[in-house]
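Data block for my_file22.cif (mmCIF, C-alpha atoms):
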```cif
data_model
#
loop_
_atom_site.label_atom_id
_atom_site.label_comp_id
_atom_site.auth_asym_id
_atom_site.auth_seq_id
_atom_site.Cartn_x
_atom_site.Cartn_y
_atom_site.Cartn_z
CA MET A 13 -61.79 5.74 1.56
CA THR A 14 -58.12 5.38 2.48
CA THR A 15 -57.62 3.59 5.78
CA GLN A 16 -54.49 3.14 7.88
CA ALA A 17 -54.50 -0.51 6.87
CA ASN A 18 -54.47 0.49 3.18
CA ILE A 19 -51.56 2.86 3.81
CA GLU A 20 -49.57 0.19 5.64
CA ALA A 21 -50.31 -2.37 2.94
CA ALA A 22 -48.98 -0.01 0.28
CA CYS A 23 -45.83 0.83 2.25
CA LEU A 24 -42.62 -0.63 0.90
CA THR A 25 -40.56 -2.40 3.56
CA GLY A 26 -37.64 -0.02 3.13
CA GLU A 27 -39.92 2.94 3.85
CA TYR A 28 -40.27 1.88 7.48
CA LEU A 29 -36.67 3.04 7.90
CA VAL A 30 -36.10 5.60 5.14
CA GLU A 31 -38.98 8.04 5.16
CA HIS A 32 -40.14 10.50 2.48
CA MET A 33 -38.68 8.58 -0.45
CA THR A 34 -38.53 10.28 -3.81
CA SER A 35 -40.24 8.62 -6.77
CA ALA A 36 -36.85 7.36 -7.98
CA GLU A 37 -36.04 5.92 -4.55
CA LYS A 38 -39.44 4.21 -4.44
CA SER A 39 -38.80 2.69 -7.84
CA ARG A 40 -35.52 1.24 -6.66
CA ALA A 41 -37.10 0.09 -3.38
CA GLN A 42 -39.75 -1.74 -5.38
CA ARG A 43 -37.00 -3.80 -6.99
CA VAL A 44 -35.85 -4.75 -3.50
CA GLU A 45 -39.41 -5.61 -2.51
CA SER A 46 -39.70 -7.95 -5.49
CA VAL A 47 -36.91 -10.26 -4.26
CA LEU A 48 -38.02 -10.54 -0.62
CA PRO A 49 -40.25 -13.62 -1.11
CA ALA A 50 -37.38 -15.58 -2.69
CA LEU A 51 -35.01 -14.67 0.15
CA ARG A 52 -37.60 -15.35 2.84
CA ALA A 53 -38.34 -18.80 1.45
CA GLN A 54 -34.72 -19.91 1.97
CA ALA A 55 -33.89 -18.09 5.23
CA ALA A 56 -34.39 -21.05 7.57
CA MET A 57 -32.32 -23.33 5.33
CA VAL A 58 -29.53 -20.72 5.06
CA ASP A 59 -29.29 -20.61 8.86
CA ALA A 60 -29.53 -24.39 9.31
CA GLN A 61 -26.86 -25.14 6.72
CA GLY A 62 -24.66 -22.19 7.63
CA ALA A 63 -24.15 -21.47 3.94
CA PHE A 64 -25.00 -18.71 1.51
CA HIS A 65 -27.78 -19.67 -0.92
CA ARG A 66 -26.01 -19.27 -4.27
CA PRO A 67 -29.17 -18.79 -6.39
CA HIS A 68 -29.67 -15.50 -4.54
CA VAL A 69 -26.82 -14.05 -6.62
CA GLN A 70 -28.89 -14.50 -9.78
CA THR A 71 -32.07 -13.27 -8.07
CA LEU A 72 -30.43 -10.04 -6.96
CA SER A 73 -28.53 -9.60 -10.22
CA GLU A 74 -31.63 -10.01 -12.40
CA ALA A 75 -33.38 -7.36 -10.29
CA GLY A 76 -30.50 -4.98 -11.04
CA LEU A 77 -29.66 -4.71 -7.34
CA LEU A 78 -25.97 -5.55 -7.62
CA GLY A 79 -25.63 -2.11 -9.18
CA LEU A 80 -27.97 -0.33 -6.78
CA ILE A 81 -25.54 2.45 -5.84
CA VAL A 82 -23.58 2.44 -9.09
CA PRO A 83 -24.06 5.52 -11.33
CA GLU A 84 -26.20 4.93 -14.39
CA GLN A 85 -23.33 5.65 -16.79
CA TYR A 86 -21.64 2.49 -15.47
CA GLY A 87 -24.77 0.37 -15.86
CA GLY A 88 -26.13 0.79 -12.36
CA LEU A 89 -29.38 2.12 -10.90
CA GLY A 90 -27.90 5.40 -9.69
CA GLY A 91 -28.98 5.02 -6.06
CA GLY A 92 -27.30 6.50 -3.01
CA LEU A 93 -26.87 5.89 0.69
CA ARG A 94 -30.59 6.22 1.43
CA ASP A 95 -31.34 3.54 -1.16
CA LEU A 96 -28.70 1.23 0.26
CA CYS A 97 -29.92 1.59 3.85
CA ALA A 98 -33.51 0.97 2.79
CA ALA A 99 -32.38 -2.07 0.81
CA THR A 100 -30.30 -3.72 3.52
CA PHE A 101 -33.05 -3.06 6.08
CA ALA A 102 -35.68 -4.64 3.82
CA LEU A 103 -33.52 -7.60 2.78
CA ALA A 104 -32.75 -8.33 6.44
CA THR A 105 -36.46 -8.66 7.21
CA ALA A 106 -36.40 -11.66 4.84
CA CYS A 107 -32.90 -13.13 5.31
CA PRO A 108 -30.37 -11.27 7.49
CA SER A 109 -27.42 -13.32 6.23
CA THR A 110 -28.12 -12.42 2.62
CA ALA A 111 -28.65 -8.78 3.58
CA LEU A 112 -25.27 -8.53 5.28
CA THR A 113 -23.50 -10.28 2.41
CA TYR A 114 -25.19 -7.90 0.00
CA PHE A 115 -24.04 -4.93 2.07
CA PHE A 116 -20.42 -6.01 1.78
CA HIS A 117 -20.82 -6.39 -1.98
CA CYS A 118 -22.17 -2.84 -2.16
CA SER A 119 -19.31 -1.57 0.00
CA SER A 120 -17.03 -2.46 -2.92
CA ALA A 121 -18.49 0.49 -4.81
CA SER A 122 -16.59 2.84 -2.51
CA ARG A 123 -13.36 1.80 -4.23
CA GLY A 124 -14.75 3.39 -7.38
CA LEU A 125 -16.99 6.19 -6.13
CA LEU A 126 -14.48 7.63 -3.67
CA ALA A 127 -11.72 7.47 -6.28
CA LEU A 128 -13.79 9.59 -8.65
CA GLU A 129 -14.64 12.02 -5.85
CA ALA A 130 -10.96 12.29 -4.94
CA ILE A 131 -10.19 13.26 -8.53
CA ASP A 132 -12.91 15.91 -8.46
CA ALA A 133 -11.55 17.18 -5.14
CA GLY A 134 -8.09 17.68 -6.62
CA LEU A 135 -6.48 15.00 -4.45
CA ILE A 136 -5.21 12.95 -7.40
CA SER A 137 -2.42 14.31 -9.57
CA GLU A 138 -2.77 14.58 -13.34
CA GLU A 139 -0.22 11.79 -13.78
CA GLU A 140 -2.22 9.48 -11.49
CA GLN A 141 -5.68 10.29 -12.81
CA PRO A 142 -5.80 7.95 -15.86
CA ALA A 143 -4.96 4.87 -13.78
CA VAL A 144 -7.25 5.89 -10.92
CA ARG A 145 -10.14 6.63 -13.27
CA ALA A 146 -9.66 3.36 -15.14
CA PHE A 147 -9.65 1.26 -11.97
CA ALA A 148 -12.68 3.10 -10.57
CA GLY A 149 -14.52 2.48 -13.83
CA GLN A 150 -13.63 -1.20 -13.72
CA VAL A 151 -15.05 -1.55 -10.19
CA LEU A 152 -18.27 0.26 -11.01
CA THR A 153 -18.80 -1.39 -14.40
CA THR A 154 -18.28 -4.85 -12.89
CA MET A 155 -21.02 -4.14 -10.35
CA GLY A 156 -23.26 -2.35 -12.84
CA ARG A 157 -23.22 -5.36 -15.15
CA GLY A 158 -24.54 -7.57 -12.36
CA GLN A 159 -21.42 -9.27 -11.04
CA TRP A 160 -20.94 -9.87 -7.31
CA LEU A 161 -17.82 -8.47 -5.66
CA ALA A 162 -16.38 -9.56 -2.32
CA ASN A 163 -14.51 -6.80 -0.53
CA PHE A 164 -11.55 -8.24 1.40
CA ALA A 165 -9.91 -5.69 3.64
CA SER A 166 -10.11 -7.02 7.19
CA GLU A 167 -7.54 -9.34 8.70
CA SER A 168 -7.10 -10.99 12.08
CA VAL A 169 -4.01 -8.87 12.81
CA LYS A 170 -4.89 -5.89 15.01
CA SER A 171 -2.94 -2.92 16.29
CA GLU A 172 -3.48 -0.30 18.95
CA LYS A 173 -3.42 2.57 16.47
CA ALA A 174 -5.56 1.20 13.64
CA ALA A 175 -8.92 -0.53 13.44
CA VAL A 176 -7.68 -2.80 10.62
CA THR A 177 -4.04 -3.72 10.12
CA ILE A 178 -3.11 -5.02 6.67
CA SER A 179 -0.40 -7.66 6.64
CA THR A 180 -1.16 -9.00 3.15
CA ARG A 181 1.77 -8.00 0.94
CA ALA A 182 1.92 -7.04 -2.72
CA SER A 183 5.32 -7.40 -4.43
CA ARG A 184 6.11 -5.80 -7.78
CA VAL A 185 6.90 -8.34 -10.52
CA GLU A 186 7.05 -8.16 -14.30
CA GLY A 187 3.62 -7.25 -15.65
CA GLY A 188 1.94 -6.86 -12.29
CA TYR A 189 2.10 -7.95 -8.64
CA ARG A 190 2.33 -11.03 -6.44
CA LEU A 191 0.00 -11.14 -3.42
CA ASN A 192 0.64 -13.14 -0.25
CA GLY A 193 -1.46 -13.09 2.88
CA VAL A 194 -4.61 -14.19 4.66
CA LYS A 195 -7.91 -12.36 4.63
CA SER A 196 -9.84 -13.55 7.67
CA PHE A 197 -13.12 -11.73 7.14
CA GLY A 198 -15.08 -10.94 4.03
CA CYS A 199 -18.58 -12.00 3.08
CA ALA A 200 -19.17 -14.05 -0.10
CA THR A 201 -16.04 -16.19 0.07
CA GLY A 202 -16.32 -18.65 -2.82
CA VAL A 203 -19.58 -16.99 -3.88
CA ALA A 204 -18.57 -13.66 -5.41
CA ASP A 205 -17.58 -13.52 -9.07
CA ARG A 206 -14.47 -11.50 -8.25
CA TYR A 207 -12.62 -10.37 -5.12
CA LEU A 208 -11.36 -6.90 -4.25
CA VAL A 209 -8.31 -7.31 -2.04
CA THR A 210 -6.57 -4.62 0.00
CA ALA A 211 -2.84 -5.22 0.42
CA SER A 212 0.25 -3.28 1.40
CA LEU A 213 2.97 -2.63 -1.14
CA GLU A 214 6.30 -4.17 -0.31
CA GLY A 215 8.64 -1.52 1.09
CA TYR A 216 5.90 0.44 2.89
CA ASP A 217 4.99 0.13 6.55
CA THR A 218 2.38 2.89 6.72
CA ALA A 219 -1.10 3.33 5.27
CA GLU A 220 0.49 5.12 2.29
CA GLY A 221 1.37 1.70 0.91
CA LEU A 222 -2.18 0.35 0.93
CA CYS A 223 -3.50 -0.58 -2.50
CA THR A 224 -6.44 -2.46 -4.02
CA PHE A 225 -6.35 -5.41 -6.41
CA PHE A 226 -8.84 -7.42 -8.42
CA VAL A 227 -8.36 -11.13 -7.71
CA GLU A 228 -10.27 -13.74 -9.65
CA ARG A 229 -12.13 -16.17 -7.40
CA ASP A 230 -10.50 -19.22 -8.99
CA ALA A 231 -7.06 -17.71 -9.69
CA PRO A 232 -4.04 -19.95 -9.03
CA GLY A 233 -2.89 -19.54 -5.45
CA VAL A 234 -6.30 -18.54 -4.07
CA SER A 235 -7.84 -20.89 -1.52
CA GLU A 236 -10.55 -20.64 1.09
CA ARG A 237 -10.00 -20.74 4.82
CA SER A 238 -11.89 -23.31 6.89
CA GLN A 239 -15.64 -22.79 7.09
CA TRP A 240 -16.79 -20.27 9.67
CA ASP A 241 -19.05 -21.99 12.21
CA ALA A 242 -19.99 -19.24 14.62
CA ILE A 243 -22.85 -17.51 16.32
CA GLY A 244 -24.28 -14.71 14.20
CA MET A 245 -25.46 -14.56 10.62
CA ARG A 246 -24.44 -18.03 9.54
CA GLY A 247 -25.09 -17.83 5.81
CA THR A 248 -22.66 -15.08 4.87
CA ALA A 249 -19.68 -17.17 3.62
CA THR A 250 -17.41 -15.08 5.82
CA HIS A 251 -14.51 -17.49 6.31
CA GLY A 252 -12.04 -15.59 4.12
CA ILE A 253 -9.24 -16.47 1.73
CA VAL A 254 -5.57 -17.43 1.61
CA LEU A 255 -3.35 -15.84 -1.05
CA GLU A 256 -0.15 -17.63 -2.02
CA ASN A 257 1.88 -15.97 -4.76
CA VAL A 258 -1.26 -14.85 -6.54
CA PHE A 259 -0.44 -12.92 -9.70
CA VAL A 260 -2.44 -9.77 -10.44
CA ALA A 261 -1.92 -7.97 -13.72
CA GLU A 262 -1.06 -4.27 -13.76
CA THR A 263 -4.45 -3.47 -15.28
CA GLU A 264 -6.22 -5.16 -12.34
CA ALA A 265 -4.46 -3.10 -9.69
CA MET A 266 -4.76 0.30 -8.10
CA ALA A 267 -1.24 0.32 -6.73
CA LEU A 268 -0.24 3.98 -6.60
CA PRO A 269 1.17 4.84 -3.15
CA GLY A 270 -1.00 7.23 -1.17
CA VAL A 271 -4.04 7.05 -3.46
CA PHE A 272 -5.97 4.72 -1.16
CA THR A 273 -5.70 7.06 1.83
CA ARG A 274 -6.52 10.12 -0.27
CA CYS A 275 -9.66 8.41 -1.52
CA MET A 276 -10.71 7.71 2.05
CA GLN A 277 -10.43 11.41 2.85
CA VAL A 278 -13.48 12.29 0.76
CA SER A 279 -15.91 9.88 2.41
CA ARG A 280 -18.70 11.59 4.31
CA GLY A 281 -18.48 9.44 7.41
CA SER A 282 -16.23 6.51 8.26
CA PHE A 283 -13.56 5.30 5.88
CA VAL A 284 -15.93 3.97 3.25
CA GLY A 285 -18.82 6.25 4.12
CA ASN A 286 -21.64 3.69 3.92
CA GLN A 287 -21.23 1.56 7.04
CA VAL A 288 -24.55 2.84 8.34
CA ALA A 289 -26.14 0.51 5.79
CA GLY A 290 -24.44 -2.44 7.47
CA VAL A 291 -26.07 -1.82 10.82
CA SER A 292 -29.38 -1.33 9.00
CA CYS A 293 -29.29 -5.11 8.53
CA TYR A 294 -29.56 -5.60 12.29
CA LEU A 295 -32.43 -3.18 12.62
CA GLY A 296 -34.26 -4.91 9.75
CA ALA A 297 -33.85 -8.26 11.48
CA ALA A 298 -35.11 -6.82 14.79
CA TRP A 299 -38.08 -5.11 13.11
CA SER A 300 -39.11 -8.36 11.40
CA LEU A 301 -38.73 -10.28 14.66
CA TYR A 302 -41.01 -7.80 16.42
CA GLN A 303 -43.71 -8.32 13.77
CA TYR A 304 -43.42 -12.09 14.23
CA THR A 305 -43.60 -11.79 18.01
CA ILE A 306 -46.73 -9.65 17.96
CA ASP A 307 -48.46 -12.03 15.53
CA HIS A 308 -47.46 -14.97 17.74
CA LEU A 309 -48.73 -13.34 20.93
CA ARG A 310 -52.01 -12.37 19.27
CA SER A 311 -52.70 -15.83 17.86
CA LYS A 312 -51.60 -17.95 20.83
CA ARG A 313 -54.37 -18.25 23.43
CA PHE A 314 -54.78 -19.17 27.06
CA ALA A 315 -56.63 -22.46 27.41
CA ASP A 316 -58.86 -21.30 30.27
CA THR A 317 -59.93 -17.82 29.07
CA ASP A 318 -59.31 -17.97 25.31
CA LYS A 319 -57.62 -14.56 25.58
CA SER A 320 -54.50 -13.99 23.52
CA VAL A 321 -51.23 -14.50 25.38
CA GLY A 322 -50.36 -10.96 24.41
CA THR A 323 -52.93 -9.61 26.87
CA ALA A 324 -50.90 -10.89 29.85
CA PRO A 325 -49.14 -8.11 31.84
CA TYR A 326 -45.76 -9.86 31.58
CA GLN A 327 -45.91 -10.06 27.77
CA GLN A 328 -47.16 -6.48 27.52
CA VAL A 329 -44.20 -5.22 29.55
CA LEU A 330 -41.92 -7.00 27.07
CA ILE A 331 -43.85 -5.55 24.13
CA GLY A 332 -43.34 -2.07 25.61
CA ASP A 333 -39.62 -2.77 25.96
CA MET A 334 -39.40 -3.90 22.34
CA LEU A 335 -41.28 -0.86 21.10
CA THR A 336 -38.91 1.42 23.03
CA ASP A 337 -35.82 -0.31 21.67
CA LEU A 338 -37.10 -0.31 18.08
CA GLU A 339 -37.95 3.37 18.24
CA THR A 340 -34.59 4.18 19.80
CA ALA A 341 -32.72 2.32 17.07
CA MET A 342 -34.90 3.87 14.34
CA LEU A 343 -34.23 7.40 15.56
CA TRP A 344 -30.48 6.85 15.83
CA LEU A 345 -30.27 5.31 12.39
CA ARG A 346 -32.48 7.83 10.63
CA ARG A 347 -30.43 10.68 12.07
CA GLN A 348 -27.17 9.06 10.96
CA ILE A 349 -28.52 8.46 7.46
CA GLU A 350 -29.62 12.08 7.33
CA ILE A 351 -26.27 13.57 8.31
CA GLU A 352 -24.40 11.26 5.91
CA SER A 353 -26.66 11.94 2.91
CA GLN A 354 -27.92 15.50 3.31
CA GLU A 355 -26.58 18.16 0.95
CA PRO A 356 -24.86 20.34 1.85
CA PRO A 357 -23.33 18.36 4.74
CA PRO A 358 -24.85 19.60 8.03
CA LEU A 359 -21.82 18.56 10.10
CA SER A 360 -18.08 18.22 9.66
CA LYS A 361 -16.65 14.78 8.87
CA GLN A 362 -15.20 14.59 12.39
CA GLU A 363 -18.65 15.18 13.88
CA VAL A 364 -20.27 12.67 11.53
CA VAL A 365 -17.73 9.98 12.43
CA GLN A 366 -18.13 10.68 16.13
CA ARG A 367 -21.88 10.23 15.89
CA TRP A 368 -21.42 7.07 13.84
CA ARG A 369 -19.29 5.62 16.63
CA LEU A 370 -22.23 6.14 18.99
CA CYS A 371 -24.95 5.19 16.51
CA LYS A 372 -23.56 1.80 15.57
CA GLY A 373 -23.44 0.56 19.15
CA ALA A 374 -26.78 2.07 20.12
CA VAL A 375 -28.57 0.39 17.20
CA ALA A 376 -26.84 -2.98 17.61
CA GLU A 377 -27.54 -3.15 21.35
CA ALA A 378 -31.17 -2.03 20.97
CA ALA A 379 -31.73 -4.62 18.23
CA PHE A 380 -30.26 -7.36 20.40
CA ARG A 381 -32.51 -6.36 23.30
CA VAL A 382 -35.47 -6.81 20.95
CA GLY A 383 -34.17 -10.33 20.37
CA THR A 384 -33.92 -11.21 24.05
CA ALA A 385 -37.36 -9.73 24.79
CA SER A 386 -38.89 -11.75 21.95
CA LEU A 387 -37.34 -14.94 23.28
CA LYS A 388 -38.80 -14.26 26.72
CA ALA A 389 -42.21 -13.31 25.35
CA CYS A 390 -42.48 -16.40 23.12
CA GLY A 391 -41.35 -18.78 25.85
CA THR A 392 -39.69 -22.15 25.50
CA GLY A 393 -41.49 -22.77 22.21
CA GLY A 394 -39.31 -20.10 20.63
CA THR A 395 -36.01 -21.64 21.71
CA THR A 396 -35.77 -24.32 19.03
CA ASN A 397 -32.80 -23.60 16.79
CA ALA A 398 -35.02 -23.65 13.71
CA GLY A 399 -37.51 -21.26 15.31
CA VAL A 400 -37.69 -17.58 14.42
CA PRO A 401 -36.77 -16.10 17.85
CA ALA A 402 -33.70 -18.31 18.31
CA ARG A 403 -32.49 -17.73 14.76
CA ALA A 404 -33.01 -13.98 15.09
CA LEU A 405 -31.19 -13.84 18.43
CA ARG A 406 -28.15 -15.51 16.86
CA ASP A 407 -28.28 -13.12 13.92
CA LEU A 408 -28.54 -10.07 16.16
CA ALA A 409 -25.68 -11.21 18.39
CA MET A 410 -23.18 -10.52 15.61
CA GLY A 411 -24.05 -6.83 15.71
CA LEU A 412 -22.62 -6.64 19.23
CA VAL A 413 -19.10 -7.33 17.97
CA GLN A 414 -18.97 -6.71 14.22
CA ALA A 415 -16.64 -3.81 13.36
CA PHE A 416 -16.54 -2.69 17.00
CA PRO A 417 -18.65 -3.19 20.15
CA ALA A 418 -20.70 -0.35 21.61
CA GLU A 419 -18.26 0.18 24.46
CA ARG A 420 -15.39 0.78 22.06
CA GLY A 421 -17.51 3.13 19.98
CA ARG A 422 -18.42 5.21 23.01
CA LEU A 423 -14.79 5.29 24.10
CA MET A 424 -13.65 6.49 20.68
CA ALA A 425 -16.40 9.13 20.58
CA ALA A 426 -15.30 10.37 24.00
CA GLN A 427 -11.66 10.51 22.89
CA MET A 428 -12.68 12.55 19.87
CA GLU A 429 -14.62 14.90 22.15
CA ILE A 430 -11.66 15.48 24.47
CA GLU A 431 -8.63 14.92 22.27
CA GLY A 432 -10.13 15.88 18.93
CA ARG A 433 -8.77 12.92 17.02
CA GLU A 434 -10.04 9.76 15.37
CA GLN A 435 -8.35 6.38 15.34
CA ALA A 436 -6.96 5.45 11.94
CA SER A 437 -9.19 3.14 9.95
CA PHE A 438 -6.35 1.28 8.26
CA GLY A 439 -2.74 0.57 9.07
CA ALA A 440 0.00 -1.51 7.49
CA ARG A 441 1.92 -4.11 9.43
CA SER A 442 5.61 -3.32 9.48
CA GLY A 443 8.21 -5.96 8.87
#
```
Using structure tokens, write down the structure that the file contains.
Amino acid sequence: MTTQANIEAACLTGEYLVEHMTSAEKSRAQRVESVLPALRAQAAMVDAQGAFHRPHVQTLSEAGLLGLIVPEQYGGLGGGLRDLCAATFALATACPSTALTYFFHCSSASRGLLALEAIDAGLISEEEQPAVRAFAGQVLTTMGRGQWLANFASESVKSEKAAVTISTRASRVEGGYRLNGVKSFGCATGVADRYLVTASLEGYDTAEGLCTFFVERDAPGVSERSQWDAIGMRGTATHGIVLENVFVAETEAMALPGVFTRCMQVSRGSFVGNQVAGVSCYLGAAWSLYQYTIDHLRSKRFADTDKSVGTAPYQQVLIGDMLTDLETAMLWLRRQIEIESQEPPPLSKQEVVQRWRLCKGAVAEAAFRVGTASLKACGTGGTTNAGVPARALRDLAMGLVQAFPAERGRLMAAQMEIEGREQASFGARSG
């Protein structure tokens, strides 16, 4: 006889977020499930040391997960957005830092997938297609063969009109390009096998000049910025890189003016089209924390009555709050995954982006509220820095600010509703 307990025991972790998986999706999710024990075993150390656990690269690579969303013809597993969201959610239940770092690796695939889609959409001229196709293939093959990519786009320079302003410059030289600049945010600094770097071509001061370059981790002129010691997911190696006259060969560059922005046009949602998988990390961390909290409240007992602490009205109010926030975040995220993966698209890109602006903040804030409720429910015993509630609260805090806070997302969604426009994702710093 099949019981609810049997059903729950057979459920893959990723299925708690992504429902009704196909057999192929379940097969890929099983690969994710297989690495969770290894990640979970190191999670406390990753947080305490504030450093990425390098053996995880081999663990994930041997499971084929570095090519999760890479088409099979490039050596990958052929997964899509649903697979990626299920994976980052599941990985975050074991080690949120590793999950977020893995997400940024997977975001590199957009530099190849969107380029191929842009060709199919007729946005790339015949003259440009060989170079675009070759670079896209290089990105996807690198990932499909099990190498880790760090995707360096963000910088500390901001502007009113663009979410990310690129001040890193690429100058044309014989045989290739010279890169100079500072990348202040990008997971897997010093960990990834290769870096993907977004820079602006010299002579351009608009997004038309944005281009992408392969940079070897140990190339001359590449150095790491000071270690990032901050609240949030501490084991992501997010400190970034400094580029000083770094040479990149012509074959390692996608430096055709305007191609970058045309590739971004074919994404389903935001500029890379898979950011929903990033916020899935925060929901995975919150979901895991809730499971821990319930187990803790069931096992801890009052000395005088021997009842579980979880039977107290105060704790039960907090449990109700956590359940509400988890369900709220789940519903937001499932809906966003649906509208970004369903074929044919149920909404226009403008509508998808608008809902993403709302979804990201709603999920991040709900997940953080789960963290604060857990801390209250577990009491002072949960406040030790090595303890699960305190670690989770730090991890979840990063979701409040990463990419954009909820308030900014709601503002941008409102502007799109009234003014019918979206803020540019990328801009180039003039001068």
message: Please expand the PyMOL selection byres ((chain A and resi 94-111) around 8) into the concrete residues it hits in this file, giving the result as a count of residues only.
response: 49
Using all atoms listed in the file, determine which residues lie at most 9 Å from segment 339-343 of chain A, disregarding the query and same-chain residues fewer than 4 positions distant; provide the list as a PDB file with C-alpha atoms, in the coordinates of the input.
```pdb
ATOM      1  CA  TYR A  28     -40.270   1.880   7.480  1.00  0.00           C
ATOM      2  CA  LEU A  29     -36.670   3.040   7.900  1.00  0.00           C
ATOM      3  CA  LEU A 295     -32.430  -3.180  12.620  1.00  0.00           C
ATOM      4  CA  MET A 334     -39.400  -3.900  22.340  1.00  0.00           C
ATOM      5  CA  LEU A 335     -41.280  -0.860  21.100  1.00  0.00           C
ATOM      6  CA  ARG A 347     -30.430  10.680  12.070  1.00  0.00           C
ATOM      7  CA  GLN A 348     -27.170   9.060  10.960  1.00  0.00           C
ATOM      8  CA  CYS A 371     -24.950   5.190  16.510  1.00  0.00           C
ATOM      9  CA  ALA A 374     -26.780   2.070  20.120  1.00  0.00           C
ATOM     10  CA  VAL A 375     -28.570   0.390  17.200  1.00  0.00           C
ATOM     11  CA  ALA A 376     -26.840  -2.980  17.610  1.00  0.00           C
ATOM     12  CA  GLU A 377     -27.540  -3.150  21.350  1.00  0.00           C
ATOM     13  CA  ALA A 378     -31.170  -2.030  20.970  1.00  0.00           C
ATOM     14  CA  ALA A 379     -31.730  -4.620  18.230  1.00  0.00           C
TER      15      ALA A 379
END
```
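Pairwise distance (atom CA of Arg157 of chain A, atom CA of Leu78 of chain A) equals 8.0 Å.
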query: Written as a ChimeraX atom specification, what is the full residue list that the PyMOL selection byres ((chain A and resi 160) around 6) yields on the file shown?
result: /A:159,161,204-205
Could you list, with a cut-off of 9 Å and counting all atoms listed in the file, the residues of segment 274-333 of chain A near segment 118-139 of chain A, each shown with its nearest atom pair and the distance in Å rounded to one decimal, rows sorted by chain and ascending number, as JSON lines?
```
{"residue": "A:Arg274", "atom": "CA", "partner": "A:Leu135", "partner_atom": "CA", "distance": 6.4}
{"residue": "A:Cys275", "atom": "CA", "partner": "A:Ala127", "partner_atom": "CA", "distance": 5.3}
{"residue": "A:Met276", "atom": "CA", "partner": "A:Leu126", "partner_atom": "CA", "distance": 6.9}
{"residue": "A:Gln277", "atom": "CA", "partner": "A:Ala130", "partner_atom": "CA", "distance": 7.9}
{"residue": "A:Val278", "atom": "CA", "partner": "A:Ala130", "partner_atom": "CA", "distance": 6.2}
{"residue": "A:Ser279", "atom": "CA", "partner": "A:Leu126", "partner_atom": "CA", "distance": 6.6}
{"residue": "A:Val284", "atom": "CA", "partner": "A:Ser122", "partner_atom": "CA", "distance": 5.9}
{"residue": "A:Gly285", "atom": "CA", "partner": "A:Ser122", "partner_atom": "CA", "distance": 7.8}
{"residue": "A:Asn286", "atom": "CA", "partner": "A:Ser119", "partner_atom": "CA", "distance": 7.0}
{"residue": "A:Gln287", "atom": "CA", "partner": "A:Ser119", "partner_atom": "CA", "distance": 7.9}
```
- request: Please measure the separation of atom CA of Glu264 of chain A and atom CA of Phe225 of chain A, giving the value in Å to one decimal.
  value: 5.9 Å
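The space separating atom CA of Met428 of chain A from atom CA of Gly373 of chain A comes to 16.1 Å.
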statement: In terms of all atoms listed in the file, the residue from A:Ser212, A:Gln150, A:Thr71, A:Ser386 at minimal distance from Ala165 of chain A is A:Ser212
- request: Taking the file above as input, evaluate the PyMOL selection byres ((chain A and resi 236) around 12) and report the hits as a PyMOL selection string.
  value: chain A and resi 193-203+229-231+233-235+237-240+249-256
query: Which residue gives the smallest distance to Tyr189 of chain A among A:Thr305, A:Thr263, A:Gln327, A:Thr395, with all atoms listed in the file counted?
result: A:Thr263
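Proximity to Tyr302 of chain A was assessed for A:Thr210, A:Asn192, A:Ser166, A:Thr384 counting all atoms listed in the file; the smallest distance is recorded for A:Thr384.
The shortest atom-to-atom distance to Tyr207 of chain A, with only C-alpha atoms taken into account, belongs to A:Ala162 out of A:Ile243, A:Ala219, A:Leu338, A:Ala162.
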Go ahead and fit an axis-aligned box to every listed atom of segment 248-254 of chain A plus 3 Å each side, and pass me the centre and edge lengths in Å, one decimal, as JSON.
```
{"center_x": -14.1, "center_y": -16.3, "center_z": 4.0, "size_x": 23.1, "size_y": 8.4, "size_z": 10.7}
```
Residue contacts of Leu77 of chain A (8 Å, only C-alpha atoms) excluding same-chain residues fewer than 6 positions away, as a PDB file with C-alpha atoms, keeping the file's coordinate frame:
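The resulting file, part.pdb, is shown below:
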```pdb
ATOM      1  CA  ARG A  43     -37.000  -3.800  -6.990  1.00  0.00           C
ATOM      2  CA  VAL A  44     -35.850  -4.750  -3.500  1.00  0.00           C
ATOM      3  CA  LEU A  89     -29.380   2.120 -10.900  1.00  0.00           C
ATOM      4  CA  GLY A 158     -24.540  -7.570 -12.360  1.00  0.00           C
TER       5      GLY A 158
END
```
- prompt: Which residue out of A:Ala143, A:Val291, A:Cys223, A:Met266 has the minimum interatomic distance to Leu412 of chain A when all atoms listed in the file are used?
  reply: A:Val291
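Considering all atoms listed in the file, the residue among A:Phe116, A:Ala261, A:Val364, A:Pro269 positioned nearest to Glu352 of chain A is A:Val364.
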